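Worksheet for the structure shown next.
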Amino acid sequence: MKEIIIEKLSKSYGNKTVFKELSLSVSLEGITVIMGESGCGKTTLLRILAGLEKSDSGTVTGAPEKISFMFQEDRLLEWYSAFENVKLVSDETAAEKYLDAVELANDKNTAVSQLSGGMKRRVALARALAYSSQLVILDEPFKGMDIELKQNMMELVKKESASRAFIVVAHEPQEAEFLADRLIKL
């Protein structure tokens with residue numbers, strides 16, 4: 001089984017230590033859910049795994065070259081349509097497929113600035129899924145979604161995990177219980 005190996009990873013911001021000598025492994029199969037108290041370093045760990053941030057010390061080995069990342073913030077181009085935002089990282093076929101999968105086919109040509117918060121989250125999810133990657137990192141992907149929509153999106157992620165690995169940060173135990181093939185508590 002392929003995995004990312006994290007050895008003695010430490011990270012601080014000024015006087016605040018986020019984690020010290022953290023060692024663990026993350027499978028590159030199925031879904032790994034990370035949970036923990038606010039401020040314990042979940043997002044920082046994701047950013048280090050994706051190569052977006054450097055640790056103070058320690059090593060990360062085995063991370064795939066192509067990683068897709070859905071941030072806590074949507075990070076969409078507000079003046080582009082939902083379709084254009086997803087197509088930026090893929091092609092027309094993938095953009096159509098994933099906007100349909102996140103139940104936004106009817107809103108694909110709407111400017112992101114005109115979408116609700118939950119709709120923007122789904123565009124961000126579609127974009128993360130449409131990028132052809134070996135690992136998809138989702139940082140609190142379901143916030144702002146009602147129960148039925150959240151369930152549908154979790155089912156989509158579960159289905160997608162058959163063909164590539166996922167790391168998902170979740171706060172709600174129900175999300176972790178439904179999604180996790182493995183659970184890491186920080």
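FYI, nothing fancy with the structure tokens labels: chains A, B, ... in order, residues from 1 per chain, ligands from 1 as they appear.
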
Report as an MDAnalysis selection string all protein, DNA and RNA residues lying within 7 Å of A:Tyr98, evaluated on only C-alpha atoms, omitting residues in the same chain fewer than 6 positions from it.
chainID A and resid 126 129:130

Within stretch 30-83 of chain A, find each residue whose DSSP state, derived from the backbone, is strand (DSSP E or B), and express the selection as an mmCIF file with all heavy atoms, in the first residue's frame.
```cif
data_model
loop_
_atom_site.group_PDB
_atom_site.id
_atom_site.type_symbol
_atom_site.label_atom_id
_atom_site.label_comp_id
_atom_site.auth_asym_id
_atom_site.auth_seq_id
_atom_site.Cartn_x
_atom_site.Cartn_y
_atom_site.Cartn_z
ATOM 1 N N ILE A 31 -10.241 6.969 1.755
ATOM 2 C CA ILE A 31 -10.435 8.272 2.392
ATOM 3 C C ILE A 31 -9.853 8.259 3.798
ATOM 4 O O ILE A 31 -10.232 7.442 4.631
ATOM 5 C CB ILE A 31 -11.925 8.646 2.467
ATOM 6 C CG1 ILE A 31 -12.562 8.667 1.072
ATOM 7 C CG2 ILE A 31 -12.106 10.008 3.156
ATOM 8 C CD1 ILE A 31 -14.074 8.849 1.072
ATOM 9 N N THR A 32 -8.946 9.197 4.043
ATOM 10 C CA THR A 32 -8.434 9.440 5.387
ATOM 11 C C THR A 32 -9.092 10.712 5.885
ATOM 12 O O THR A 32 -9.028 11.748 5.225
ATOM 13 C CB THR A 32 -6.896 9.613 5.385
ATOM 14 O OG1 THR A 32 -6.310 8.411 4.895
ATOM 15 C CG2 THR A 32 -6.383 9.914 6.782
ATOM 16 N N VAL A 33 -9.750 10.633 7.032
ATOM 17 C CA VAL A 33 -10.375 11.812 7.635
ATOM 18 C C VAL A 33 -9.506 12.272 8.795
ATOM 19 O O VAL A 33 -9.068 11.462 9.614
ATOM 20 C CB VAL A 33 -11.818 11.517 8.114
ATOM 21 C CG1 VAL A 33 -12.395 12.701 8.883
ATOM 22 C CG2 VAL A 33 -12.710 11.189 6.928
ATOM 23 N N ILE A 34 -9.254 13.580 8.844
ATOM 24 C CA ILE A 34 -8.502 14.177 9.938
ATOM 25 C C ILE A 34 -9.458 15.027 10.756
ATOM 26 O O ILE A 34 -10.179 15.861 10.209
ATOM 27 C CB ILE A 34 -7.336 15.035 9.414
ATOM 28 C CG1 ILE A 34 -6.372 14.173 8.594
ATOM 29 C CG2 ILE A 34 -6.613 15.720 10.573
ATOM 30 C CD1 ILE A 34 -5.240 14.933 7.945
ATOM 31 N N MET A 35 -9.452 14.794 12.070
ATOM 32 C CA MET A 35 -10.286 15.571 12.995
ATOM 33 C C MET A 35 -9.407 16.086 14.131
ATOM 34 O O MET A 35 -8.334 15.546 14.387
ATOM 35 C CB MET A 35 -11.417 14.718 13.565
ATOM 36 C CG MET A 35 -12.422 14.267 12.530
ATOM 37 S SD MET A 35 -13.810 13.372 13.266
ATOM 38 C CE MET A 35 -14.727 14.755 13.962
ATOM 39 N N SER A 57 10.835 21.620 10.775
ATOM 40 C CA SER A 57 11.726 20.467 10.775
ATOM 41 C C SER A 57 10.897 19.218 10.505
ATOM 42 O O SER A 57 9.674 19.247 10.546
ATOM 43 C CB SER A 57 12.464 20.348 12.113
ATOM 44 O OG SER A 57 11.536 20.136 13.162
ATOM 45 N N GLY A 58 11.595 18.128 10.238
ATOM 46 C CA GLY A 58 10.919 16.875 9.936
ATOM 47 C C GLY A 58 10.829 16.653 8.439
ATOM 48 O O GLY A 58 11.242 17.504 7.636
ATOM 49 N N THR A 59 10.280 15.493 8.064
ATOM 50 C CA THR A 59 10.206 15.147 6.649
ATOM 51 C C THR A 59 8.827 14.617 6.266
ATOM 52 O O THR A 59 8.110 14.049 7.092
ATOM 53 C CB THR A 59 11.246 14.064 6.278
ATOM 54 O OG1 THR A 59 10.988 12.893 7.067
ATOM 55 C CG2 THR A 59 12.660 14.546 6.503
ATOM 56 N N VAL A 60 8.493 14.830 5.008
ATOM 57 C CA VAL A 60 7.296 14.256 4.390
ATOM 58 C C VAL A 60 7.777 13.551 3.127
ATOM 59 O O VAL A 60 8.377 14.181 2.255
ATOM 60 C CB VAL A 60 6.252 15.337 4.024
ATOM 61 C CG1 VAL A 60 5.091 14.728 3.261
ATOM 62 C CG2 VAL A 60 5.765 16.069 5.258
ATOM 63 N N THR A 61 7.525 12.244 3.045
ATOM 64 C CA THR A 61 7.907 11.498 1.854
ATOM 65 C C THR A 61 6.698 10.736 1.321
ATOM 66 O O THR A 61 5.797 10.381 2.075
ATOM 67 C CB THR A 61 9.052 10.502 2.155
ATOM 68 O OG1 THR A 61 8.672 9.662 3.239
ATOM 69 C CG2 THR A 61 10.332 11.220 2.502
ATOM 70 N N ILE A 67 -1.638 16.874 -6.853
ATOM 71 C CA ILE A 67 -2.552 16.969 -5.714
ATOM 72 C C ILE A 67 -3.581 18.052 -6.011
ATOM 73 O O ILE A 67 -3.240 19.146 -6.446
ATOM 74 C CB ILE A 67 -1.793 17.315 -4.417
ATOM 75 C CG1 ILE A 67 -0.795 16.196 -4.070
ATOM 76 C CG2 ILE A 67 -2.763 17.550 -3.262
ATOM 77 C CD1 ILE A 67 0.120 16.512 -2.904
ATOM 78 N N SER A 68 -4.829 17.735 -5.765
ATOM 79 C CA SER A 68 -5.917 18.694 -5.894
ATOM 80 C C SER A 68 -6.293 19.157 -4.494
ATOM 81 O O SER A 68 -6.336 18.347 -3.563
ATOM 82 C CB SER A 68 -7.109 18.005 -6.560
ATOM 83 O OG SER A 68 -8.179 18.886 -6.684
ATOM 84 N N PHE A 69 -6.572 20.443 -4.325
ATOM 85 C CA PHE A 69 -6.803 20.995 -2.981
ATOM 86 C C PHE A 69 -8.059 21.862 -2.984
ATOM 87 O O PHE A 69 -8.168 22.787 -3.771
ATOM 88 C CB PHE A 69 -5.593 21.849 -2.585
ATOM 89 C CG PHE A 69 -5.393 22.048 -1.114
ATOM 90 C CD1 PHE A 69 -4.213 21.650 -0.511
ATOM 91 C CD2 PHE A 69 -6.359 22.652 -0.325
ATOM 92 C CE1 PHE A 69 -3.988 21.838 0.849
ATOM 93 C CE2 PHE A 69 -6.158 22.843 1.028
ATOM 94 C CZ PHE A 69 -4.974 22.433 1.618
ATOM 95 N N MET A 70 -8.993 21.556 -2.097
ATOM 96 C CA MET A 70 -10.154 22.410 -1.851
ATOM 97 C C MET A 70 -9.931 23.076 -0.500
ATOM 98 O O MET A 70 -9.945 22.424 0.533
ATOM 99 C CB MET A 70 -11.448 21.601 -1.830
ATOM 100 C CG MET A 70 -12.674 22.444 -1.590
ATOM 101 S SD MET A 70 -14.152 21.385 -1.526
ATOM 102 C CE MET A 70 -15.396 22.578 -1.051
ATOM 103 N N SER A 81 -17.908 32.276 -14.632
ATOM 104 C CA SER A 81 -19.040 31.384 -14.353
ATOM 105 C C SER A 81 -18.532 30.158 -13.598
ATOM 106 O O SER A 81 -17.324 29.886 -13.538
ATOM 107 C CB SER A 81 -19.693 30.937 -15.663
ATOM 108 O OG SER A 81 -18.825 30.066 -16.376
#
```

When distances are computed from only C-alpha atoms, which of A:Val112, A:Val102, A:Leu49, A:Ala63 shows the smallest separation from A:Glu78?
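Ranked by minimum distance to A:Glu78, first place goes to A:Val112.
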
Nearby residues (only C-alpha atoms) at most 12 Å from A:Ala105, same-chain spacing under 5 positions excluded, as a list in words
Ser81, Ala82, Phe83, Ala95, Glu96, Lys97, Tyr98, Leu99, Asp100, Thr110, Met119, Arg122, Val123 and Ala126 of chain A

Give me the residues within 8 Å of A:Ala124 as a ChimeraX atom specification, counting only C-alpha atoms and dropping any in the same chain fewer than 5 places off.
/A:70,74-76,86

Just how far from atom CA of A:Phe19 is atom CA of A:Lys143, in Å to one decimal?
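Answer for the atom CA of A:Lys143 to atom CA of A:Phe19 separation: 25.1 Å.
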